[in-house]
>>> print(open('model_6.txt').read())   # compact mmCIF, C-alpha atoms
# COMPACT_ATOMS: atom_id res chain seq x y z
CA MET F 1 -1.98 -22.46 -17.10
CA ASP F 2 0.12 -24.36 -19.61
CA MET F 3 1.97 -26.61 -17.15
CA GLU F 4 3.48 -28.79 -19.85
CA LYS F 5 4.97 -25.77 -21.62
CA TYR F 6 6.63 -24.40 -18.49
CA THR F 7 7.79 -27.82 -17.31
CA CYS F 8 9.54 -28.32 -20.66
CA LEU F 9 11.16 -24.88 -20.45
CA LEU F 10 12.51 -25.49 -16.96
CA GLN F 11 13.74 -28.98 -17.75
CA GLY F 12 15.16 -28.01 -21.15
CA GLU F 13 16.25 -24.55 -22.26
CA TYR F 14 16.58 -23.13 -18.74
CA LYS F 15 17.65 -26.24 -16.83
CA GLU F 16 21.26 -25.14 -16.30
CA LYS F 17 20.19 -21.79 -14.85
CA PHE F 18 17.66 -23.33 -12.49
CA ASP F 19 20.21 -25.95 -11.38
CA ALA F 20 22.59 -23.12 -10.52
CA TYR F 21 19.88 -21.34 -8.55
CA ARG F 22 19.00 -24.52 -6.65
CA ALA F 23 22.68 -25.08 -5.79
CA LEU F 24 22.85 -21.59 -4.30
CA LEU F 25 19.66 -22.20 -2.33
CA LEU F 26 21.05 -25.39 -0.83
CA GLU F 27 24.40 -23.77 -0.06
CA TYR F 28 22.97 -20.72 1.72
CA ASN F 29 20.06 -22.55 3.32
CA GLU F 30 22.43 -24.18 5.81
CA ARG F 31 23.19 -20.74 7.23
CA TYR F 32 20.09 -18.66 6.55
CA ASN F 33 17.15 -21.10 6.74
CA LEU F 34 15.65 -19.89 3.47
CA THR F 35 13.28 -22.77 2.73
CA THR F 36 12.13 -26.06 4.23
CA ILE F 37 11.58 -27.47 0.72
CA LEU F 38 14.91 -29.03 -0.18
CA GLU F 39 14.21 -32.19 -2.21
CA GLU F 40 14.81 -31.53 -5.90
CA LYS F 41 11.41 -32.61 -7.18
CA ASP F 42 9.55 -30.72 -4.44
CA MET F 43 11.51 -27.55 -5.14
CA PHE F 44 10.93 -27.87 -8.86
CA TYR F 45 7.14 -28.02 -8.58
CA LYS F 46 6.40 -26.00 -5.43
CA HIS F 47 8.86 -23.17 -5.99
CA PHE F 48 10.18 -23.04 -9.55
CA LEU F 49 7.20 -24.10 -11.63
CA ASP F 50 4.69 -22.32 -9.42
CA SER F 51 6.67 -19.08 -9.80
CA VAL F 52 7.01 -19.10 -13.58
CA VAL F 53 3.42 -20.03 -14.48
CA GLY F 54 2.35 -16.50 -13.57
CA GLU F 55 4.69 -14.85 -16.07
CA LYS F 56 1.92 -13.96 -18.51
CA ALA F 57 0.55 -11.47 -15.95
CA PHE F 58 3.63 -9.25 -16.46
CA LYS F 59 3.79 -7.14 -19.61
CA LYS F 60 6.96 -7.05 -21.71
CA GLY F 61 9.65 -4.85 -20.15
CA ALA F 62 7.67 -4.35 -16.95
CA ARG F 63 9.24 -2.73 -13.94
CA VAL F 64 8.28 -5.03 -11.05
CA ILE F 65 8.58 -4.71 -7.28
CA GLU F 66 8.42 -7.83 -5.12
CA ILE F 67 7.38 -7.53 -1.48
CA GLY F 68 8.78 -9.97 1.08
CA SER F 69 11.22 -11.59 -1.35
CA GLY F 70 12.61 -14.18 1.06
CA ALA F 71 14.52 -16.70 -1.07
CA GLY F 72 13.38 -15.00 -4.29
CA PHE F 73 10.04 -16.53 -5.23
CA PRO F 74 8.59 -15.68 -7.70
CA SER F 75 11.12 -13.02 -8.77
CA ILE F 76 14.22 -15.14 -9.43
CA PRO F 77 12.47 -17.87 -11.48
CA LEU F 78 10.61 -15.15 -13.41
CA LYS F 79 13.86 -13.31 -14.13
CA LEU F 80 15.49 -16.55 -15.31
CA ILE F 81 12.91 -17.00 -18.08
CA ARG F 82 11.99 -13.31 -18.61
CA ASP F 83 15.15 -11.25 -18.77
CA ASP F 84 13.09 -8.33 -20.12
CA LEU F 85 11.65 -7.79 -16.63
CA SER F 86 13.42 -5.53 -14.15
CA PHE F 87 12.96 -6.19 -10.44
CA THR F 88 13.18 -4.36 -7.14
CA LEU F 89 13.28 -6.90 -4.32
CA VAL F 90 12.12 -5.79 -0.87
CA GLU F 91 13.12 -7.96 2.10
CA SER F 92 13.41 -6.73 5.68
CA VAL F 93 15.61 -9.61 6.90
CA GLY F 94 19.27 -8.78 6.27
CA LYS F 95 20.51 -12.36 5.91
CA LYS F 96 17.97 -13.08 3.21
CA CYS F 97 19.12 -9.95 1.39
CA GLU F 98 22.68 -11.28 1.52
CA PHE F 99 21.47 -14.41 -0.23
CA LEU F 100 19.58 -12.39 -2.86
CA HIS F 101 22.71 -10.32 -3.57
CA ALA F 102 24.68 -13.54 -4.02
CA VAL F 103 22.13 -14.89 -6.50
CA VAL F 104 22.12 -11.66 -8.52
CA ASP F 105 25.94 -11.62 -8.62
CA LYS F 106 26.52 -15.29 -9.39
CA LEU F 107 23.76 -15.60 -11.99
CA GLY F 108 24.81 -12.36 -13.66
CA PHE F 109 21.45 -10.61 -13.46
CA LEU F 110 21.04 -7.02 -14.63
CA ASP F 111 18.26 -4.62 -13.63
CA MET F 112 17.72 -6.08 -10.17
CA ASN F 113 17.83 -3.93 -7.04
CA ILE F 114 17.55 -5.19 -3.46
CA TYR F 115 16.33 -3.18 -0.47
CA SER F 116 16.60 -4.33 3.12
CA LYS F 117 13.63 -2.29 4.28
CA ARG F 118 10.02 -2.69 5.30
CA ALA F 119 7.56 -2.23 2.46
CA GLU F 120 5.46 0.22 4.46
CA ASP F 121 8.48 2.53 4.82
CA LEU F 122 9.70 2.21 1.22
CA ALA F 123 6.21 2.97 -0.11
CA ARG F 124 6.44 6.49 1.32
CA GLU F 125 9.51 7.35 -0.73
CA ASN F 126 8.73 9.31 -3.90
CA ILE F 127 11.14 7.30 -6.04
CA HIS F 128 9.10 4.16 -5.33
CA ARG F 129 5.51 5.24 -4.69
CA GLU F 130 3.28 4.47 -7.68
CA LYS F 131 6.33 4.03 -9.94
CA TYR F 132 6.01 0.33 -10.85
CA ASP F 133 4.15 -1.47 -13.62
CA ALA F 134 3.55 -4.39 -11.28
CA ALA F 135 3.93 -5.50 -7.69
CA THR F 136 4.02 -9.15 -6.69
CA ALA F 137 4.26 -11.31 -3.60
CA ARG F 138 4.06 -14.96 -2.67
CA ALA F 139 3.38 -16.48 0.77
CA VAL F 140 3.69 -13.18 2.66
CA ALA F 141 0.31 -12.28 4.19
CA ARG F 142 -3.44 -12.53 3.70
CA MET F 143 -4.77 -10.69 0.69
CA ASN F 144 -6.25 -7.67 2.50
CA THR F 145 -2.97 -7.02 4.33
CA LEU F 146 -0.88 -7.79 1.26
CA SER F 147 -2.84 -5.32 -0.86
CA GLU F 148 -1.94 -2.50 1.51
CA TYR F 149 1.73 -3.42 1.24
CA CYS F 150 1.72 -3.75 -2.56
CA LEU F 151 -0.78 -1.43 -4.23
CA PRO F 152 0.88 1.85 -3.11
CA PHE F 153 3.87 0.93 -5.31
CA VAL F 154 1.81 0.36 -8.47
CA LYS F 155 1.14 3.14 -10.97
CA VAL F 156 -2.39 3.66 -12.27
CA GLY F 157 -2.90 1.15 -15.08
CA GLY F 158 -0.48 -1.32 -13.51
CA VAL F 159 -1.23 -4.55 -11.65
CA PHE F 160 -0.70 -6.29 -8.33
CA VAL F 161 -0.07 -10.02 -8.93
CA ALA F 162 -0.57 -12.28 -5.90
CA TYR F 163 0.42 -15.93 -5.77
CA LYS F 164 -1.97 -17.64 -3.35
CA SER F 165 -3.15 -21.08 -2.25
CA GLY F 166 -6.15 -22.88 -3.73
CA ASP F 167 -8.48 -21.28 -1.15
CA THR F 168 -9.88 -18.16 -2.79
CA SER F 169 -11.88 -16.93 0.22
CA GLU F 170 -9.20 -14.43 1.26
CA ILE F 171 -9.23 -12.95 -2.25
CA ASP F 172 -12.97 -12.35 -2.01
CA GLU F 173 -12.80 -10.95 1.53
CA ALA F 174 -10.30 -8.29 0.41
CA GLN F 175 -12.71 -6.51 -1.97
CA SER F 176 -13.02 -3.50 0.34
CA ALA F 177 -9.23 -3.29 0.61
CA TYR F 178 -8.82 -3.16 -3.18
CA LYS F 179 -11.39 -0.37 -3.45
CA THR F 180 -9.90 1.66 -0.59
CA LEU F 181 -6.39 1.39 -2.06
CA GLY F 182 -7.35 2.26 -5.64
CA GLY F 183 -7.52 -1.26 -6.99
CA LYS F 184 -10.05 -3.48 -8.71
CA LEU F 185 -9.93 -7.27 -8.90
CA LYS F 186 -9.20 -8.09 -12.54
CA SER F 187 -8.87 -11.86 -12.60
CA VAL F 188 -8.62 -14.96 -10.41
CA GLU F 189 -7.13 -18.02 -12.06
CA LYS F 190 -7.03 -21.34 -10.24
CA TYR F 191 -4.62 -24.03 -11.34
CA GLU F 192 -3.25 -27.35 -10.16
CA LEU F 193 0.43 -28.19 -9.96
CA PRO F 194 1.33 -31.55 -11.57
CA GLU F 195 1.73 -34.83 -9.70
CA GLY F 196 -0.51 -33.88 -6.81
CA TYR F 197 1.50 -30.86 -5.67
CA GLY F 198 -1.64 -28.93 -4.86
CA GLU F 199 -4.07 -26.28 -6.00
CA ARG F 200 -2.88 -22.71 -6.42
CA THR F 201 -4.40 -19.38 -7.41
CA LEU F 202 -3.08 -16.36 -9.27
CA ALA F 203 -4.98 -13.18 -8.43
CA VAL F 204 -4.47 -10.00 -10.46
CA VAL F 205 -5.64 -6.63 -9.10
CA GLU F 206 -5.61 -3.67 -11.49
CA LYS F 207 -4.69 -0.22 -10.20
CA VAL F 208 -7.52 2.06 -11.36
CA LYS F 209 -6.87 5.20 -9.27
CA PRO F 210 -4.14 6.55 -6.97
CA THR F 211 -3.75 5.14 -3.47
CA PRO F 212 -4.67 7.68 -0.74
CA ASN F 213 -1.56 9.12 0.93
CA LYS F 214 -2.34 7.64 4.35
CA TYR F 215 -1.72 4.10 3.05
CA PRO F 216 0.18 2.04 3.97
CA ARG F 217 -0.55 2.96 7.58
CA GLY F 218 2.62 1.44 9.09
CA GLN F 219 3.30 0.43 12.72
CA GLY F 220 1.92 -3.03 11.98
CA LYS F 221 -1.62 -1.80 11.38
CA GLU F 222 -1.72 -3.59 8.01
CA ARG F 223 -1.67 -6.92 9.88
CA LYS F 224 -3.35 -5.97 13.17
CA ALA F 225 -6.31 -4.17 11.62
CA PRO F 226 -6.54 -5.17 7.93
CA LEU F 227 -8.77 -3.15 5.64
>>> encode(input="model_6.txt", output="structure tokens")
Amino acid sequence: MDMEKYTCLLQGEYKEKFDAYRALLLEYNERYNLTTILEEKDMFYKHFLDSVVGEKAFKKGARVIEIGSGAGFPSIPLKLIRDDLSFTLVESVGKKCEFLHAVVDKLGFLDMNIYSKRAEDLARENIHREKYDAATARAVARMNTLSEYCLPFVKVGGVFVAYKSGDTSEIDEAQSAYKTLGGKLKSVEKYELPEGYGERTLAVVEKVKPTPNKYPRGQGKERKAPL
């Protein structure tokens, strides 16, 4: 990961946009409890920089779905530097969706849709199932559970991009989940955030065949009995 390159982008060309995003986060956080990371430097490295360093995993003009959007990581930082990407944000908590709508409106984003639904329900709708070039998620669930939420949305030839911690054991333990859901682990890239902000991992799972219709199973089975 070229940390210096992305740090320069965020502190230079895109600084005004990221400052506006941070201001919205601080404003809405008082009401909606979006993040516990509030100090400017912490937010820059842990949220903003960590989100954008994965941008190379998304092809130009990709249609991307994000599961468990929360405060919009990695989708909002990615959209700020990659306007060619279109996003569908999926967040089951209504108040967080209100925040995401405010960000989209105030930052003037185009090609961003927000759904206040559970991923396991949305994945059964024909307009969403296997219609996306990429699915992504950050800090939502363990990899085996997360794969069942995300891979049903990805078309064959597309990718599931997971932002994870420095511990890669959960990525390895999910091999059977990838296979069951039509995926194959393509790459695992470990990187370290500057100034001691910790080790992180970007895992990319390629969709090599359609996901069987019975997945996702729903009713919480993805978490209670992961593949």
>>> closest_atom_pairs(input="model_6.txt", of="region 121-198 of chain F", to="region 79-97 of chain F", cutoff="12 Å", atoms="only C-alpha atoms", output="Markdown table")
| residue | atom | partner | partner_atom | distance |
| --- | --- | --- | --- | --- |
| F:Asp121 | CA | F:Ser92 | CA | 10.5 |
| F:Leu122 | CA | F:Val90 | CA | 8.6 |
| F:Ala123 | CA | F:Val90 | CA | 10.6 |
| F:Ile127 | CA | F:Thr88 | CA | 11.9 |
| F:His128 | CA | F:Thr88 | CA | 9.6 |
| F:Lys131 | CA | F:Thr88 | CA | 11.2 |
| F:Tyr132 | CA | F:Thr88 | CA | 9.3 |
| F:Asp133 | CA | F:Ser86 | CA | 10.1 |
| F:Ala134 | CA | F:Phe87 | CA | 9.6 |
| F:Ala135 | CA | F:Thr88 | CA | 9.3 |
| F:Thr136 | CA | F:Leu89 | CA | 9.8 |
| F:Ala137 | CA | F:Val90 | CA | 10.0 |
| F:Val140 | CA | F:Glu91 | CA | 10.8 |
| F:Tyr149 | CA | F:Val90 | CA | 10.9 |
| F:Cys150 | CA | F:Val90 | CA | 10.7 |
| F:Phe153 | CA | F:Thr88 | CA | 10.9 |
>>> residues_around(input="model_6.txt", residues="region 37-54 of chain F", least_positions_apart="5", cutoff="8 Å", atoms="all atoms listed in the file", output="list in words")
Met1, Asp2, Met3, Tyr6, Thr7, Leu10, Leu26, Phe73, Pro74, Ser75, Pro77, Leu78, Ile81, Leu193, Pro194, Tyr197 and Leu202 of chain F
>>> closest_residue(input="model_6.txt", among="F:Leu110, F:Tyr32, F:Pro216, F:Glu173", to="Ile76 (chain F)", atoms="all atoms listed in the file")
F:Leu110
>>> closest_residue(input="model_6.txt", among="F:Ser69, F:Thr35, F:Asn113, F:Ser147", to="Gly183 (chain F)", atoms="only C-alpha atoms")
F:Ser147
>>> atom_distance(input="model_6.txt", atom1="CA of Ser165 (chain F)", atom2="CA of Phe18 (chain F)")
23.3 Å
>>> residues_around(input="model_6.txt", residues="Tyr21 (chain F)", least_positions_apart="3", cutoff="8 Å", atoms="only C-alpha atoms", output="number ranges by chain")
F: 17-18, 24-25, 103, 107
>>> atom_distance(input="model_6.txt", atom1="CA of Ala225 (chain F)", atom2="CA of Glu148 (chain F)")
11.1 Å
>>> residues_around(input="model_6.txt", residues="Lys184 (chain F)", least_positions_apart="4", cutoff="12 Å", atoms="all atoms listed in the file", output="list of chain:residue names")
F:Ser147, F:Leu151, F:Val156, F:Gly157, F:Gly158, F:Val159, F:Phe160, F:Val161, F:Ile171, F:Asp172, F:Ala174, F:Gln175, F:Ser176, F:Ala177, F:Tyr178, F:Lys179, F:Thr180, F:Val188, F:Ala203, F:Val204, F:Val205, F:Glu206, F:Lys207, F:Val208, F:Lys209, F:Pro210, F:Thr211
>>> closest_residue(input="model_6.txt", among="F:Lys164, F:Lys186, F:Arg200, F:Lys15", to="Met143 (chain F)", atoms="all atoms listed in the file")
F:Lys164
>>> atom_distance(input="model_6.txt", atom1="CA of Asn33 (chain F)", atom2="CA of Gln219 (chain F)")
26.3 Å
>>> residues_around(input="model_6.txt", residues="Glu130 (chain F)", least_positions_apart="3", cutoff="6 Å", atoms="all atoms listed in the file", output="compact mmCIF listing (two decimals) with C-alpha atoms, in the frame of the given file")
# COMPACT_ATOMS: atom_id res chain seq x y z
CA PRO F 152 0.88 1.85 -3.11
CA PHE F 153 3.87 0.93 -5.31
CA VAL F 154 1.81 0.36 -8.47
CA LYS F 155 1.14 3.14 -10.97
>>> decode(input="model_6.txt", residues="region 158-170 of chain F", atoms="all heavy atoms", output="PDB file, in the first residue's frame")
ATOM      1  N   GLY F 158     -16.891 -10.682 -10.470  1.00  0.00           N
ATOM      2  CA  GLY F 158     -16.717  -9.550  -9.571  1.00  0.00           C
ATOM      3  C   GLY F 158     -15.937  -9.947  -8.327  1.00  0.00           C
ATOM      4  O   GLY F 158     -15.408 -11.064  -8.231  1.00  0.00           O
ATOM      5  N   VAL F 159     -15.872  -9.034  -7.355  1.00  0.00           N
ATOM      6  CA  VAL F 159     -15.067  -9.280  -6.154  1.00  0.00           C
ATOM      7  C   VAL F 159     -15.795  -8.829  -4.887  1.00  0.00           C
ATOM      8  O   VAL F 159     -16.629  -7.925  -4.913  1.00  0.00           O
ATOM      9  CB  VAL F 159     -13.701  -8.554  -6.218  1.00  0.00           C
ATOM     10  CG1 VAL F 159     -12.809  -9.161  -7.278  1.00  0.00           C
ATOM     11  CG2 VAL F 159     -13.887  -7.056  -6.443  1.00  0.00           C
ATOM     12  N   PHE F 160     -15.460  -9.479  -3.807  1.00  0.00           N
ATOM     13  CA  PHE F 160     -15.852  -9.085  -2.455  1.00  0.00           C
ATOM     14  C   PHE F 160     -14.599  -8.576  -1.777  1.00  0.00           C
ATOM     15  O   PHE F 160     -13.614  -9.307  -1.656  1.00  0.00           O
ATOM     16  CB  PHE F 160     -16.474 -10.279  -1.732  1.00  0.00           C
ATOM     17  CG  PHE F 160     -16.486 -10.206  -0.232  1.00  0.00           C
ATOM     18  CD1 PHE F 160     -16.767  -9.014   0.437  1.00  0.00           C
ATOM     19  CD2 PHE F 160     -16.234 -11.347   0.528  1.00  0.00           C
ATOM     20  CE1 PHE F 160     -16.777  -8.961   1.826  1.00  0.00           C
ATOM     21  CE2 PHE F 160     -16.255 -11.309   1.909  1.00  0.00           C
ATOM     22  CZ  PHE F 160     -16.516 -10.107   2.556  1.00  0.00           C
ATOM     23  N   VAL F 161     -14.598  -7.309  -1.346  1.00  0.00           N
ATOM     24  CA  VAL F 161     -13.420  -6.671  -0.758  1.00  0.00           C
ATOM     25  C   VAL F 161     -13.686  -6.430   0.722  1.00  0.00           C
ATOM     26  O   VAL F 161     -14.570  -5.641   1.083  1.00  0.00           O
ATOM     27  CB  VAL F 161     -13.107  -5.337  -1.466  1.00  0.00           C
ATOM     28  CG1 VAL F 161     -11.852  -4.710  -0.871  1.00  0.00           C
ATOM     29  CG2 VAL F 161     -12.946  -5.546  -2.967  1.00  0.00           C
ATOM     30  N   ALA F 162     -12.932  -7.105   1.580  1.00  0.00           N
ATOM     31  CA  ALA F 162     -13.137  -7.010   3.029  1.00  0.00           C
ATOM     32  C   ALA F 162     -11.979  -6.291   3.696  1.00  0.00           C
ATOM     33  O   ALA F 162     -10.816  -6.660   3.503  1.00  0.00           O
ATOM     34  CB  ALA F 162     -13.306  -8.401   3.626  1.00  0.00           C
ATOM     35  N   TYR F 163     -12.309  -5.283   4.466  1.00  0.00           N
ATOM     36  CA  TYR F 163     -11.318  -4.559   5.273  1.00  0.00           C
ATOM     37  C   TYR F 163     -11.289  -5.212   6.649  1.00  0.00           C
ATOM     38  O   TYR F 163     -12.282  -5.185   7.378  1.00  0.00           O
ATOM     39  CB  TYR F 163     -11.720  -3.096   5.423  1.00  0.00           C
ATOM     40  CG  TYR F 163     -11.582  -2.242   4.184  1.00  0.00           C
ATOM     41  CD1 TYR F 163     -12.442  -2.380   3.102  1.00  0.00           C
ATOM     42  CD2 TYR F 163     -10.594  -1.255   4.099  1.00  0.00           C
ATOM     43  CE1 TYR F 163     -12.331  -1.579   1.971  1.00  0.00           C
ATOM     44  CE2 TYR F 163     -10.478  -0.440   2.983  1.00  0.00           C
ATOM     45  CZ  TYR F 163     -11.347  -0.612   1.919  1.00  0.00           C
ATOM     46  OH  TYR F 163     -11.231   0.193   0.811  1.00  0.00           O
ATOM     47  N   LYS F 164     -10.141  -5.781   7.026  1.00  0.00           N
ATOM     48  CA  LYS F 164     -10.058  -6.524   8.276  1.00  0.00           C
ATOM     49  C   LYS F 164      -8.858  -6.058   9.112  1.00  0.00           C
ATOM     50  O   LYS F 164      -8.038  -5.270   8.667  1.00  0.00           O
ATOM     51  CB  LYS F 164      -9.922  -8.031   7.994  1.00  0.00           C
ATOM     52  CG  LYS F 164     -10.991  -8.612   7.078  1.00  0.00           C
ATOM     53  CD  LYS F 164     -12.405  -8.434   7.620  1.00  0.00           C
ATOM     54  CE  LYS F 164     -12.667  -9.248   8.862  1.00  0.00           C
ATOM     55  NZ  LYS F 164     -14.076  -9.152   9.323  1.00  0.00           N
ATOM     56  N   SER F 165      -8.762  -6.601  10.311  1.00  0.00           N
ATOM     57  CA  SER F 165      -7.652  -6.284  11.210  1.00  0.00           C
ATOM     58  C   SER F 165      -6.380  -6.978  10.733  1.00  0.00           C
ATOM     59  O   SER F 165      -6.374  -7.649   9.693  1.00  0.00           O
ATOM     60  CB  SER F 165      -7.980  -6.743  12.629  1.00  0.00           C
ATOM     61  OG  SER F 165      -7.988  -8.161  12.696  1.00  0.00           O
ATOM     62  N   GLY F 166      -5.324  -6.864  11.495  1.00  0.00           N
ATOM     63  CA  GLY F 166      -4.059  -7.490  11.120  1.00  0.00           C
ATOM     64  C   GLY F 166      -4.041  -8.991  11.316  1.00  0.00           C
ATOM     65  O   GLY F 166      -3.162  -9.694  10.808  1.00  0.00           O
ATOM     66  N   ASP F 167      -5.017  -9.536  12.055  1.00  0.00           N
ATOM     67  CA  ASP F 167      -5.109 -10.971  12.307  1.00  0.00           C
ATOM     68  C   ASP F 167      -5.795 -11.643  11.116  1.00  0.00           C
ATOM     69  O   ASP F 167      -6.986 -11.435  10.878  1.00  0.00           O
ATOM     70  CB  ASP F 167      -5.912 -11.216  13.586  1.00  0.00           C
ATOM     71  CG  ASP F 167      -6.056 -12.693  13.909  1.00  0.00           C
ATOM     72  OD1 ASP F 167      -5.451 -13.524  13.202  1.00  0.00           O
ATOM     73  OD2 ASP F 167      -6.787 -13.019  14.873  1.00  0.00           O
ATOM     74  N   THR F 168      -5.050 -12.442  10.378  1.00  0.00           N
ATOM     75  CA  THR F 168      -5.603 -13.046   9.165  1.00  0.00           C
ATOM     76  C   THR F 168      -6.225 -14.419   9.402  1.00  0.00           C
ATOM     77  O   THR F 168      -6.683 -15.064   8.456  1.00  0.00           O
ATOM     78  CB  THR F 168      -4.504 -13.187   8.092  1.00  0.00           C
ATOM     79  OG1 THR F 168      -3.441 -14.014   8.614  1.00  0.00           O
ATOM     80  CG2 THR F 168      -3.950 -11.828   7.687  1.00  0.00           C
ATOM     81  N   SER F 169      -6.289 -14.876  10.643  1.00  0.00           N
ATOM     82  CA  SER F 169      -6.807 -16.221  10.914  1.00  0.00           C
ATOM     83  C   SER F 169      -8.254 -16.380  10.459  1.00  0.00           C
ATOM     84  O   SER F 169      -8.638 -17.442   9.950  1.00  0.00           O
ATOM     85  CB  SER F 169      -6.693 -16.550  12.412  1.00  0.00           C
ATOM     86  OG  SER F 169      -7.439 -15.633  13.194  1.00  0.00           O
ATOM     87  N   GLU F 170      -9.073 -15.345  10.627  1.00  0.00           N
ATOM     88  CA  GLU F 170     -10.476 -15.463  10.231  1.00  0.00           C
ATOM     89  C   GLU F 170     -10.636 -15.531   8.709  1.00  0.00           C
ATOM     90  O   GLU F 170     -11.629 -16.073   8.211  1.00  0.00           O
ATOM     91  CB  GLU F 170     -11.313 -14.326  10.793  1.00  0.00           C
ATOM     92  CG  GLU F 170     -10.956 -12.944  10.263  1.00  0.00           C
ATOM     93  CD  GLU F 170     -11.950 -11.878  10.729  1.00  0.00           C
ATOM     94  OE1 GLU F 170     -13.080 -11.886  10.226  1.00  0.00           O
ATOM     95  OE2 GLU F 170     -11.581 -11.059  11.599  1.00  0.00           O
TER      96      GLU F 170
END
